[in-house]
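A.B. asks: This is my_file.tsv (TSV, C-alpha atoms).
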```tsv
chain	number	residue	atom	x	y	z
G	30	MET	CA	12.40	51.54	42.86
G	31	LEU	CA	14.41	48.34	42.47
G	32	GLN	CA	17.48	50.26	41.34
G	33	GLN	CA	17.33	52.38	44.52
G	34	PHE	CA	16.87	49.20	46.57
G	35	LYS	CA	19.99	47.77	44.97
G	36	GLU	CA	22.03	50.93	45.58
G	37	ASP	CA	20.93	50.99	49.23
G	38	LEU	CA	22.03	47.39	49.67
G	39	GLU	CA	25.37	47.98	47.97
G	40	ASN	CA	26.02	50.79	50.44
G	41	GLU	CA	24.88	48.68	53.38
G	42	LEU	CA	27.08	45.76	52.34
G	43	GLN	CA	30.04	48.15	52.34
G	44	ASN	CA	29.07	49.37	55.83
G	45	ILE	CA	28.86	45.83	57.19
G	46	LEU	CA	32.23	44.82	55.76
G	47	ASP	CA	33.89	48.02	56.98
G	48	PHE	CA	32.76	47.26	60.52
G	49	TRP	CA	34.12	43.72	60.46
G	50	GLU	CA	37.43	44.72	58.90
G	51	ASN	CA	37.99	47.71	61.19
G	52	LYS	CA	36.51	46.56	64.51
G	53	THR	CA	36.90	42.79	64.83
G	54	ILE	CA	40.41	41.74	63.78
G	55	ASP	CA	42.43	40.40	66.72
G	56	ASP	CA	45.94	41.69	66.08
G	57	LEU	CA	47.23	40.37	69.41
G	58	HIS	CA	46.13	36.72	69.33
G	59	GLY	CA	45.21	36.15	65.69
G	60	GLY	CA	41.96	35.65	63.88
G	61	PHE	CA	39.00	37.72	65.01
G	62	LEU	CA	37.74	38.95	68.37
G	63	GLY	CA	35.34	36.54	70.03
G	64	GLN	CA	32.90	39.07	71.46
G	65	ILE	CA	31.97	42.74	71.19
G	66	ASP	CA	28.98	43.99	73.15
G	67	ASN	CA	26.11	46.22	72.05
G	68	ASP	CA	28.13	49.38	72.81
G	69	ASN	CA	31.12	48.13	70.79
G	70	LYS	CA	33.09	47.27	73.94
G	71	ILE	CA	35.58	44.46	73.30
G	72	ILE	CA	35.49	41.44	75.64
G	73	PRO	CA	39.21	40.58	75.27
G	74	ASP	CA	39.19	37.12	76.86
G	75	ALA	CA	35.97	35.87	75.21
G	76	PRO	CA	36.02	32.44	73.54
G	77	LYS	CA	36.12	32.33	69.76
G	78	GLY	CA	33.49	30.30	67.93
G	79	SER	CA	34.07	28.16	64.87
G	80	VAL	CA	30.74	29.27	63.42
G	81	LEU	CA	31.78	32.93	63.72
G	82	THR	CA	35.09	32.25	61.98
G	83	SER	CA	33.48	30.13	59.25
G	84	ARG	CA	30.83	32.77	58.61
G	85	ILE	CA	33.46	35.51	58.36
G	86	LEU	CA	35.33	33.27	55.92
G	87	TRP	CA	32.16	32.81	53.85
G	88	THR	CA	31.20	36.50	53.97
G	89	PHE	CA	34.51	37.92	52.78
G	90	SER	CA	35.02	35.13	50.26
G	91	SER	CA	31.55	35.64	48.83
G	92	THR	CA	31.98	39.41	48.65
G	93	TYR	CA	35.32	38.99	46.91
G	94	ASN	CA	33.68	36.61	44.45
G	95	LEU	CA	31.05	39.26	43.76
G	96	ILE	CA	33.11	42.45	43.47
G	97	LYS	CA	36.76	41.25	43.30
G	98	SER	CA	38.24	43.57	45.96
G	99	THR	CA	41.60	42.15	47.05
G	100	ASP	CA	41.13	43.61	50.54
G	101	TYR	CA	38.20	41.24	51.04
G	102	LEU	CA	40.25	38.30	49.84
G	103	LYS	CA	42.94	39.15	52.39
G	104	THR	CA	40.37	39.13	55.19
G	105	ALA	CA	39.08	35.79	53.89
G	106	GLU	CA	42.64	34.44	53.91
G	107	ARG	CA	42.98	35.49	57.54
G	108	ALA	CA	39.79	33.63	58.44
G	109	PHE	CA	40.90	30.57	56.47
G	110	GLY	CA	44.26	30.43	58.20
G	111	TYR	CA	42.70	30.72	61.65
G	112	LEU	CA	40.06	28.09	60.93
G	113	ARG	CA	42.70	25.69	59.60
G	114	ASP	CA	45.24	26.27	62.37
G	115	HIS	CA	42.97	26.49	65.43
G	116	PHE	CA	39.55	24.96	64.79
G	117	ILE	CA	40.31	21.90	62.67
G	118	ASP	CA	40.84	18.92	65.00
G	119	LYS	CA	44.02	17.38	63.64
G	120	GLU	CA	43.73	14.33	65.90
G	121	TYR	CA	40.11	13.22	65.45
G	122	GLY	CA	38.89	15.30	62.51
G	123	GLY	CA	36.05	17.78	62.37
G	124	VAL	CA	36.07	21.22	63.98
G	125	PHE	CA	35.97	22.36	67.58
G	126	TRP	CA	32.92	24.33	68.69
G	127	THR	CA	35.04	26.96	70.46
G	128	VAL	CA	38.63	27.82	71.26
G	129	ASP	CA	39.82	30.25	73.94
G	130	TYR	CA	40.92	33.76	73.10
G	131	LYS	CA	44.47	32.52	72.49
G	132	GLY	CA	43.27	29.83	70.07
G	133	ASN	CA	43.52	26.76	72.33
G	134	PRO	CA	40.73	24.13	72.14
G	135	LEU	CA	37.91	24.90	74.57
G	136	ASP	CA	34.62	23.16	73.77
G	137	THR	CA	35.78	20.22	71.69
G	138	LYS	CA	32.46	18.51	71.00
G	139	LYS	CA	31.59	17.91	67.37
G	140	GLN	CA	28.50	19.90	66.51
G	141	ILE	CA	27.55	18.96	62.94
G	142	TYR	CA	26.15	22.45	62.43
G	143	ALA	CA	29.69	23.80	62.92
G	144	LEU	CA	31.16	21.35	60.39
G	145	ALA	CA	28.49	22.47	57.92
G	146	PHE	CA	29.48	26.10	58.22
G	147	ALA	CA	33.14	25.23	57.85
G	148	ILE	CA	32.31	23.48	54.55
G	149	TYR	CA	30.21	26.49	53.50
G	150	GLY	CA	33.05	28.92	54.15
G	151	LEU	CA	35.84	26.75	52.75
G	152	SER	CA	34.04	26.01	49.50
G	153	GLU	CA	33.20	29.68	48.98
G	154	TYR	CA	36.82	30.61	49.70
G	155	TYR	CA	38.04	28.08	47.14
G	156	ILE	CA	35.90	29.68	44.42
G	157	GLY	CA	37.87	32.92	44.62
G	158	SER	CA	41.25	31.80	45.91
G	159	LYS	CA	41.63	28.46	44.07
G	160	ASN	CA	43.41	27.30	47.23
G	161	GLU	CA	43.40	23.50	46.90
G	162	GLU	CA	43.99	23.03	50.62
G	163	ALA	CA	40.65	24.73	51.33
G	164	LEU	CA	38.81	22.43	48.92
G	165	LEU	CA	40.47	19.32	50.36
G	166	LEU	CA	39.55	20.40	53.90
G	167	ALA	CA	35.93	20.93	52.82
G	168	ILE	CA	35.77	17.48	51.21
G	169	ASP	CA	37.36	15.89	54.27
G	170	LEU	CA	34.76	17.50	56.54
G	171	TYR	CA	31.99	16.28	54.24
G	172	ASP	CA	33.40	12.72	54.39
G	173	THR	CA	33.68	13.00	58.18
G	174	ILE	CA	30.01	14.00	58.49
G	175	LEU	CA	28.92	11.02	56.41
G	176	LYS	CA	31.15	8.66	58.40
G	177	TYR	CA	30.04	9.67	61.88
G	178	SER	CA	26.77	11.62	61.74
G	179	TYR	CA	24.72	10.08	58.93
G	180	ASP	CA	21.85	7.88	60.15
G	181	LEU	CA	22.01	4.76	57.97
G	182	GLU	CA	18.71	3.42	59.30
G	183	ASN	CA	16.45	6.50	59.26
G	184	GLY	CA	18.27	8.98	57.06
G	185	GLY	CA	19.39	12.43	58.08
G	186	TYR	CA	22.14	13.46	60.46
G	187	ILE	CA	22.69	13.24	64.21
G	188	GLU	CA	23.18	16.65	65.80
G	189	ALA	CA	26.38	16.22	67.81
G	190	LEU	CA	28.98	13.80	69.10
G	191	THR	CA	31.95	13.87	71.45
G	192	ARG	CA	35.37	14.97	70.26
G	193	ASP	CA	36.21	11.36	69.33
G	194	TRP	CA	32.80	10.76	67.69
G	195	LYS	CA	31.01	8.89	70.47
G	196	GLU	CA	27.39	9.49	71.50
G	197	ILE	CA	26.88	12.58	73.63
G	198	ASP	CA	24.20	13.43	76.19
G	199	ASP	CA	23.85	17.11	75.37
G	200	LEU	CA	23.20	17.54	71.64
G	201	ARG	CA	21.99	21.14	71.80
G	202	LEU	CA	23.40	23.99	69.74
G	203	SER	CA	22.39	26.45	72.47
G	204	ASN	CA	20.53	26.50	75.76
G	205	LYS	CA	17.26	27.49	74.04
G	206	ASP	CA	17.23	24.40	71.81
G	207	ALA	CA	15.58	21.04	72.48
G	208	ASN	CA	17.97	18.22	73.34
G	209	GLU	CA	16.97	15.97	70.43
G	210	LYS	CA	18.85	13.79	67.95
G	211	LYS	CA	17.88	15.79	64.84
G	212	SER	CA	16.99	19.37	64.06
G	213	MET	CA	15.68	21.38	61.15
G	214	ASN	CA	18.42	23.94	61.68
G	215	THR	CA	21.35	21.57	61.25
G	216	HIS	CA	19.75	19.93	58.22
G	217	LEU	CA	19.07	23.31	56.60
G	218	HIS	CA	22.69	24.36	56.92
G	219	LEU	CA	24.00	20.96	55.85
G	220	LEU	CA	21.91	21.41	52.70
G	221	GLU	CA	23.33	24.89	52.19
G	222	ALA	CA	26.90	23.66	52.76
G	223	PHE	CA	26.63	20.56	50.59
G	224	ALA	CA	25.10	22.60	47.76
G	225	ASN	CA	27.92	25.15	47.93
G	226	LEU	CA	30.50	22.35	47.91
G	227	TYR	CA	28.80	20.87	44.84
G	228	ARG	CA	29.42	24.12	42.97
G	229	VAL	CA	33.17	23.32	43.07
G	230	TRP	CA	33.15	19.52	43.39
G	231	LYS	CA	30.69	17.75	41.08
G	232	ASN	CA	30.64	14.49	43.00
G	233	GLU	CA	27.82	12.02	42.26
G	234	LYS	CA	27.39	10.87	45.86
G	235	LEU	CA	27.31	14.47	47.05
G	236	GLU	CA	24.55	15.20	44.54
G	237	GLU	CA	22.59	12.25	45.94
G	238	LYS	CA	23.01	13.55	49.49
G	239	ILE	CA	21.76	17.00	48.46
G	240	SER	CA	18.67	15.47	46.82
G	241	GLU	CA	18.08	13.34	49.89
G	242	LEU	CA	18.24	16.40	52.15
G	243	ILE	CA	15.74	18.23	49.94
G	244	TYR	CA	13.35	15.27	50.17
G	245	ILE	CA	13.80	15.23	53.95
G	246	PHE	CA	12.54	18.80	54.00
G	247	LEU	CA	9.65	18.06	51.66
G	248	ASN	CA	8.57	14.87	53.45
G	249	GLN	CA	9.62	15.27	57.10
G	250	ILE	CA	10.48	18.82	58.10
G	251	ILE	CA	7.82	20.96	56.38
G	252	ASP	CA	4.52	20.45	58.18
G	253	PRO	CA	2.01	19.41	55.45
G	254	GLU	CA	-0.86	21.17	57.20
G	255	THR	CA	0.62	24.46	58.42
G	256	HIS	CA	3.58	24.69	55.99
G	257	HIS	CA	5.75	25.85	58.87
G	258	LEU	CA	8.99	24.01	59.61
G	259	ILE	CA	9.06	21.45	62.41
G	260	LEU	CA	12.17	22.30	64.43
G	261	PHE	CA	13.16	19.13	66.32
G	262	PHE	CA	12.84	15.36	65.91
G	263	ASP	CA	13.95	12.11	67.48
G	264	GLU	CA	16.16	9.82	65.41
G	265	LYS	CA	13.10	8.26	63.72
G	266	TRP	CA	11.76	11.66	62.59
G	267	ASN	CA	8.98	11.84	65.16
G	268	PRO	CA	8.31	15.57	65.80
G	269	ARG	CA	9.55	16.88	69.13
G	270	SER	CA	8.65	20.55	68.86
G	271	GLN	CA	5.63	22.87	68.83
G	272	ILE	CA	7.63	26.05	68.12
G	273	VAL	CA	7.24	28.07	64.92
G	274	SER	CA	10.35	29.97	63.80
G	275	TYR	CA	9.24	32.58	61.28
G	276	GLY	CA	12.82	33.46	60.38
G	277	HIS	CA	13.70	29.88	59.55
G	278	ASP	CA	10.50	29.48	57.53
G	279	ILE	CA	11.43	32.36	55.24
G	280	GLU	CA	15.13	31.41	55.12
G	281	ALA	CA	14.32	27.84	54.12
G	282	SER	CA	11.88	29.07	51.47
G	283	TRP	CA	14.74	30.26	49.27
G	284	LEU	CA	17.66	28.11	50.48
G	285	ILE	CA	15.99	24.79	49.58
G	286	GLU	CA	15.13	26.17	46.16
G	287	GLU	CA	18.72	27.35	45.68
G	288	ALA	CA	20.05	23.86	46.42
G	289	ALA	CA	17.72	22.29	43.85
G	290	LYS	CA	18.91	24.81	41.26
G	291	ILE	CA	22.59	24.10	42.01
G	292	ILE	CA	22.23	20.37	41.32
G	293	GLY	CA	20.14	21.10	38.21
G	294	ASN	CA	17.29	18.74	39.10
G	295	GLU	CA	14.36	20.34	37.25
G	296	PRO	CA	11.56	17.96	38.35
G	297	LEU	CA	12.66	18.33	41.96
G	298	LEU	CA	12.97	22.09	41.55
G	299	GLN	CA	9.31	22.33	40.52
G	300	GLN	CA	8.26	20.46	43.67
G	301	VAL	CA	10.47	22.72	45.75
G	302	LYS	CA	9.07	25.93	44.24
G	303	ASP	CA	5.56	24.98	45.32
G	304	GLN	CA	6.77	24.38	48.86
G	305	SER	CA	8.91	27.53	48.78
G	306	ASN	CA	5.83	29.62	48.13
G	307	ASN	CA	3.92	27.82	50.88
G	308	LEU	CA	6.79	28.47	53.33
G	309	ALA	CA	6.84	32.16	52.43
G	310	ILE	CA	3.08	32.43	52.99
G	311	ALA	CA	3.43	30.61	56.33
G	312	ALA	CA	6.28	32.90	57.37
G	313	SER	CA	4.12	35.94	56.66
G	314	ASP	CA	1.99	34.92	59.67
G	315	GLY	CA	4.82	36.41	61.72
G	316	LEU	CA	4.82	39.84	60.07
G	317	ASP	CA	3.91	42.83	62.19
G	318	THR	CA	2.24	45.94	60.77
G	319	ASP	CA	5.58	47.79	60.80
G	320	GLY	CA	7.12	45.27	58.36
G	321	GLY	CA	9.19	43.50	61.03
G	322	LEU	CA	9.11	39.74	61.53
G	323	TRP	CA	8.43	38.40	65.01
G	324	TYR	CA	10.84	35.79	66.35
G	325	GLU	CA	8.94	32.66	67.44
G	326	TYR	CA	5.50	31.38	68.30
G	327	ASP	CA	4.77	28.52	70.70
G	328	LEU	CA	1.74	26.64	69.34
G	329	GLU	CA	1.27	24.63	72.50
G	330	LYS	CA	1.23	27.67	74.82
G	331	ASP	CA	-0.26	30.10	72.28
G	332	ASP	CA	2.64	32.40	73.11
G	333	LEU	CA	4.30	34.82	70.69
G	334	VAL	CA	7.90	35.79	71.49
G	335	LYS	CA	7.57	39.52	70.94
G	336	GLU	CA	11.10	40.22	69.80
G	337	LYS	CA	12.33	41.10	66.33
G	338	HIS	CA	15.83	39.73	65.90
G	339	SER	CA	18.02	41.06	63.13
G	340	TRP	CA	18.66	37.84	61.20
G	341	PRO	CA	15.01	37.01	60.40
G	342	GLN	CA	14.61	40.50	58.92
G	343	ALA	CA	17.57	39.86	56.62
G	344	GLU	CA	16.14	36.52	55.52
G	345	ALA	CA	12.72	38.12	55.01
G	346	MET	CA	14.20	40.52	52.47
G	347	VAL	CA	15.51	37.62	50.38
G	348	GLY	CA	12.69	35.14	50.94
G	349	PHE	CA	9.84	37.47	50.05
G	350	PHE	CA	11.75	38.84	47.05
G	351	ASN	CA	12.24	35.23	45.89
G	352	ALA	CA	8.52	34.58	46.35
G	353	TRP	CA	7.76	37.63	44.20
G	354	LYS	CA	10.07	36.34	41.45
G	355	ASN	CA	8.32	32.95	41.57
G	356	THR	CA	4.74	34.15	41.66
G	357	GLY	CA	4.64	37.72	40.39
G	358	VAL	CA	2.50	38.66	43.41
G	359	ASP	CA	3.37	42.27	44.24
G	360	ARG	CA	2.52	41.78	47.91
G	361	SER	CA	5.66	39.65	48.28
G	362	LEU	CA	7.86	42.36	46.77
G	363	ASN	CA	6.29	44.90	49.10
G	364	ARG	CA	7.07	42.64	52.05
G	365	SER	CA	10.72	42.50	50.99
G	366	LEU	CA	10.86	46.29	50.72
G	367	ASP	CA	9.04	46.67	54.03
G	368	SER	CA	11.65	44.44	55.66
G	369	TRP	CA	14.40	46.73	54.43
G	370	ASN	CA	12.54	49.79	55.67
G	371	PHE	CA	12.12	48.15	59.07
G	372	ILE	CA	15.84	47.30	59.19
G	373	GLN	CA	16.78	50.89	58.37
G	374	GLU	CA	14.43	52.22	61.02
G	375	HIS	CA	15.17	49.85	63.88
G	376	ILE	CA	18.06	47.43	63.28
G	377	LEU	CA	20.96	49.43	61.80
G	378	ASP	CA	23.29	50.94	64.40
G	379	LYS	CA	23.81	54.19	62.53
G	380	LYS	CA	26.25	55.57	65.12
G	381	LYS	CA	28.53	52.64	65.91
G	382	GLY	CA	28.10	50.33	62.94
G	383	GLU	CA	26.73	46.86	62.17
G	384	TRP	CA	23.22	45.68	63.07
G	385	PHE	CA	21.76	45.46	66.54
G	386	TRP	CA	20.84	41.96	67.69
G	387	GLY	CA	17.20	43.02	67.66
G	388	ILE	CA	14.47	45.02	69.34
G	389	HIS	CA	11.77	44.37	71.93
G	390	ALA	CA	8.05	44.85	71.33
G	391	ASP	CA	8.33	48.50	72.46
G	392	ASN	CA	11.10	49.07	69.86
G	393	THR	CA	13.87	49.37	72.45
G	394	VAL	CA	17.17	47.77	71.45
G	395	MET	CA	18.02	44.37	72.93
G	396	ASN	CA	21.25	44.49	74.95
G	397	GLU	CA	22.97	41.60	73.18
G	398	ASP	CA	26.23	41.04	71.32
G	399	LYS	CA	27.24	43.01	68.25
G	400	VAL	CA	29.86	40.28	67.65
G	401	GLY	CA	29.79	36.83	69.21
G	402	ILE	CA	29.48	33.09	68.76
G	403	TRP	CA	26.09	33.68	67.09
G	404	LYS	CA	26.35	37.31	65.94
G	405	CYS	CA	28.18	37.23	62.63
G	406	PRO	CA	28.25	39.09	59.27
G	407	TYR	CA	26.41	36.27	57.56
G	408	HIS	CA	22.65	36.82	57.35
G	409	ASN	CA	22.92	40.55	56.73
G	410	SER	CA	25.78	40.48	54.18
G	411	ARG	CA	24.23	37.52	52.39
G	412	ALA	CA	20.86	39.26	52.13
G	413	CYS	CA	22.56	42.28	50.57
G	414	MET	CA	24.49	40.13	48.09
G	415	GLU	CA	21.54	37.93	47.16
G	416	LEU	CA	19.35	40.92	46.43
G	417	ILE	CA	22.08	42.78	44.52
G	418	LYS	CA	22.47	39.73	42.29
G	419	ARG	CA	18.74	39.14	41.91
G	420	ILE	CA	17.91	42.75	41.09
```
Using structure tokens, write down the structure from this file.
C.D. replies:
Amino acid sequence: MLQQFKEDLENELQNILDFWENKTIDDLHGGFLGQIDNDNKIIPDAPKGSVLTSRILWTFSSTYNLIKSTDYLKTAERAFGYLRDHFIDKEYGGVFWTVDYKGNPLDTKKQIYALAFAIYGLSEYYIGSKNEEALLLAIDLYDTILKYSYDLENGGYIEALTRDWKEIDDLRLSNKDANEKKSMNTHLHLLEAFANLYRVWKNEKLEEKISELIYIFLNQIIDPETHHLILFFDEKWNPRSQIVSYGHDIEASWLIEEAAKIIGNEPLLQQVKDQSNNLAIAASDGLDTDGGLWYEYDLEKDDLVKEKHSWPQAEAMVGFFNAWKNTGVDRSLNRSLDSWNFIQEHILDKKKGEWFWGIHADNTVMNEDKVGIWKCPYHNSRACMELIKRI
């Protein structure tokens, strides 16, 4: 059973990478296309997002590091060059949120989430390429985050600043987010990025910052009663959200544990494993009978968002498999397998490639991007690679 699961995921990883190599390279303006719609129609003048480019960089670097195909390294090199030449702000530091389709700065605010993904991609690229410039850029972005975003009084990191690192009125990652000083999402991906950087740069202060982020999750972000993640906070860590994100619950359940493993802190790892299992159990509240994971639930309004987006299904495969490895409870393994079955049934675009954004409650496909600022080969390729390695 597990061997078949692994073979399926190896094939799917190949399908994902084929799509991104064959459909998304921008031969005219460089880098990668900024947007492709659900029918694979290219939007030629769409902005290009730094998160998309960083995630492509991470995906092809990570795949190269796993299976050593030089074609994947070449695609990673393309992403690295575009990130360096067009998204790195050479005047003020950091990365731009978006550039236009020709690569000129567009939205120049400094979203710390975007800097985190740049570090994630650059550090992964360095592992395979040994390109010192990539490592130095990752370290510089890390230093920049500590200099401008770190909250010396309350701990944690401020969401966003202006291009020249002043306070900004609109801190949101997207229109659906709360306009608050701190978010679970940014802290989760800072943890992921810092941990990946630590794999190639064993810096003592960096290790301290990773431990601190883990404790922030244990003490501030994970609700001690429900074991769901709290999504938004003011600068003093007062909760500012009543939304449950099932996908983030299950993603955090394994990512926080991975960070504790990377820094080799065994006592902390034991604490994290307990919370990882609690997060996985909490996330299972969002499972439907078909194995799919619902998107969000509003506690205040008692309202379930009846959509099943693609990325939570990918994270469910990894998170529930990780819970099975930790506990030996077969139900968790079955949930991982059920997630894959759901993805095959409803999320894979078997005619035109890649994964659909998601489906509605009646199983109809959501008419959203196949490629875009948020639609990247990150959650799905990572889920495949994590499970291949774990199996």
A.B. asks: Take the point (5.1, 38.4, 65.7) in the file's coordinates, draw a sphere of radius 12 Å around it, and report as number ranges by chain every protein, DNA or RNA residue with an atom inside or on it, counting only C-alpha atoms.
C.D. replies: G: 273-276, 312-327, 331-338, 341-342, 389-390
A.B. asks: Counting all atoms listed in the file, what is within 10 Å of stretch 359-373 of chain G, bar same-chain residues fewer than 2 positions away, as number ranges by chain?
C.D. replies: G: 30-31, 34, 37-38, 41, 309-310, 313, 316, 318-322, 339, 341-357, 375-379, 384-385, 387, 416
A.B. asks: Please determine, counting all atoms listed in the file, which residue among G:Ile285, G:Leu151, G:Ile141, G:Ile420 has the shortest atom-to-atom distance to G:Phe246.
C.D. replies: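 For G:Phe246, the nearest of the given residues is G:Ile285.
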A.B. asks: Just the number, please: distance in Å from atom CA of G:Leu57 to atom CA of G:Gln43, one decimal.
C.D. replies: 25.4 Å
A.B. asks: In terms of the shortest atom-to-atom distance over all atoms listed in the file, which of G:Asp100, G:Glu264, G:Glu50, G:Asp129 is closest to G:Gly63?
C.D. replies: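 Looking only at the distances to G:Gly63, the closest residue turns out to be G:Asp129.
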A.B. asks: Any idea what the distance is between atom CA of G:Trp194 and atom CA of G:Tyr179?
C.D. replies: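 Value for the atom CA of G:Trp194-atom CA of G:Tyr179 distance: 11.9 Å.
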A.B. asks: Which residues come within 12 Å of G:Ser212, counting all atoms listed in the file, excluding same-chain residues fewer than 6 positions away, as a JSON list (two decimals) with C-alpha atoms, in the coordinates of the input?
C.D. replies:
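What follows is the written file selection_5.json:
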```
[["chain", "number", "residue", "atom", "x", "y", "z"],
["G", 140, "GLN", "CA", 28.50, 19.90, 66.51],
["G", 141, "ILE", "CA", 27.55, 18.96, 62.94],
["G", 142, "TYR", "CA", 26.15, 22.45, 62.43],
["G", 185, "GLY", "CA", 19.39, 12.43, 58.08],
["G", 186, "TYR", "CA", 22.14, 13.46, 60.46],
["G", 187, "ILE", "CA", 22.69, 13.24, 64.21],
["G", 188, "GLU", "CA", 23.18, 16.65, 65.80],
["G", 189, "ALA", "CA", 26.38, 16.22, 67.81],
["G", 200, "LEU", "CA", 23.20, 17.54, 71.64],
["G", 201, "ARG", "CA", 21.99, 21.14, 71.80],
["G", 202, "LEU", "CA", 23.40, 23.99, 69.74],
["G", 206, "ASP", "CA", 17.23, 24.40, 71.81],
["G", 218, "HIS", "CA", 22.69, 24.36, 56.92],
["G", 219, "LEU", "CA", 24.00, 20.96, 55.85],
["G", 245, "ILE", "CA", 13.80, 15.23, 53.95],
["G", 246, "PHE", "CA", 12.54, 18.80, 54.00],
["G", 249, "GLN", "CA", 9.62, 15.27, 57.10],
["G", 250, "ILE", "CA", 10.48, 18.82, 58.10],
["G", 258, "LEU", "CA", 8.99, 24.01, 59.61],
["G", 259, "ILE", "CA", 9.06, 21.45, 62.41],
["G", 260, "LEU", "CA", 12.17, 22.30, 64.43],
["G", 261, "PHE", "CA", 13.16, 19.13, 66.32],
["G", 262, "PHE", "CA", 12.84, 15.36, 65.91],
["G", 263, "ASP", "CA", 13.95, 12.11, 67.48],
["G", 264, "GLU", "CA", 16.16, 9.82, 65.41],
["G", 265, "LYS", "CA", 13.10, 8.26, 63.72],
["G", 266, "TRP", "CA", 11.76, 11.66, 62.59],
["G", 267, "ASN", "CA", 8.98, 11.84, 65.16],
["G", 268, "PRO", "CA", 8.31, 15.57, 65.80],
["G", 269, "ARG", "CA", 9.55, 16.88, 69.13],
["G", 270, "SER", "CA", 8.65, 20.55, 68.86],
["G", 277, "HIS", "CA", 13.70, 29.88, 59.55]]
```
A.B. asks: Write out as a list in words which residues come within 9 Å of G:Thr255 when counting only C-alpha atoms, dropping same-chain ones fewer than 3 positions away.
C.D. replies: Ile251, Asp252, Leu258, Asn307, Leu308 and Ala311 of chain G
A.B. asks: Got a sec: who's within 12 Å of G:Tyr155, counting only C-alpha atoms, leaving out chain neighbours fewer than 6 positions off, as a PyMOL selection string?
C.D. replies: chain G and resi 86-87+89-91+93-94+102+105-106+109+148-149+161-168+225-230
A.B. asks: Using all atoms listed in the file, pick whichever of G:Lys138, G:Leu220, G:His408, G:Lys159 has the shortest atom-to-atom distance to G:Glu196.
C.D. replies: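 Smallest separation from G:Glu196 among the options: G:Lys138.
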A.B. asks: Need the shell around stretch 70-74 of chain G: protein/DNA/RNA residues with any atom at most 10 Å away, counting all atoms listed in the file. Skip same-chain ones fewer than 4 positions apart. Format as a CSV table (one decimal) with C-alpha atoms, in the coordinates of the input?
C.D. replies:
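Output file around_28.csv follows:
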```csv
chain,number,residue,atom,x,y,z
G,52,LYS,CA,36.5,46.6,64.5
G,53,THR,CA,36.9,42.8,64.8
G,55,ASP,CA,42.4,40.4,66.7
G,57,LEU,CA,47.2,40.4,69.4
G,58,HIS,CA,46.1,36.7,69.3
G,62,LEU,CA,37.7,39.0,68.4
G,63,GLY,CA,35.3,36.5,70.0
G,64,GLN,CA,32.9,39.1,71.5
G,65,ILE,CA,32.0,42.7,71.2
G,66,ASP,CA,29.0,44.0,73.2
G,129,ASP,CA,39.8,30.2,73.9
G,130,TYR,CA,40.9,33.8,73.1
G,131,LYS,CA,44.5,32.5,72.5
G,398,ASP,CA,26.2,41.0,71.3
G,399,LYS,CA,27.2,43.0,68.2
G,400,VAL,CA,29.9,40.3,67.6
G,401,GLY,CA,29.8,36.8,69.2
```
A.B. asks: If you measure from atom CA of G:Lys231 to atom CA of G:Glu287, what distance in Å do you get, rounded to one decimal?
C.D. replies: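 These atoms are spaced 16.0 Å apart.
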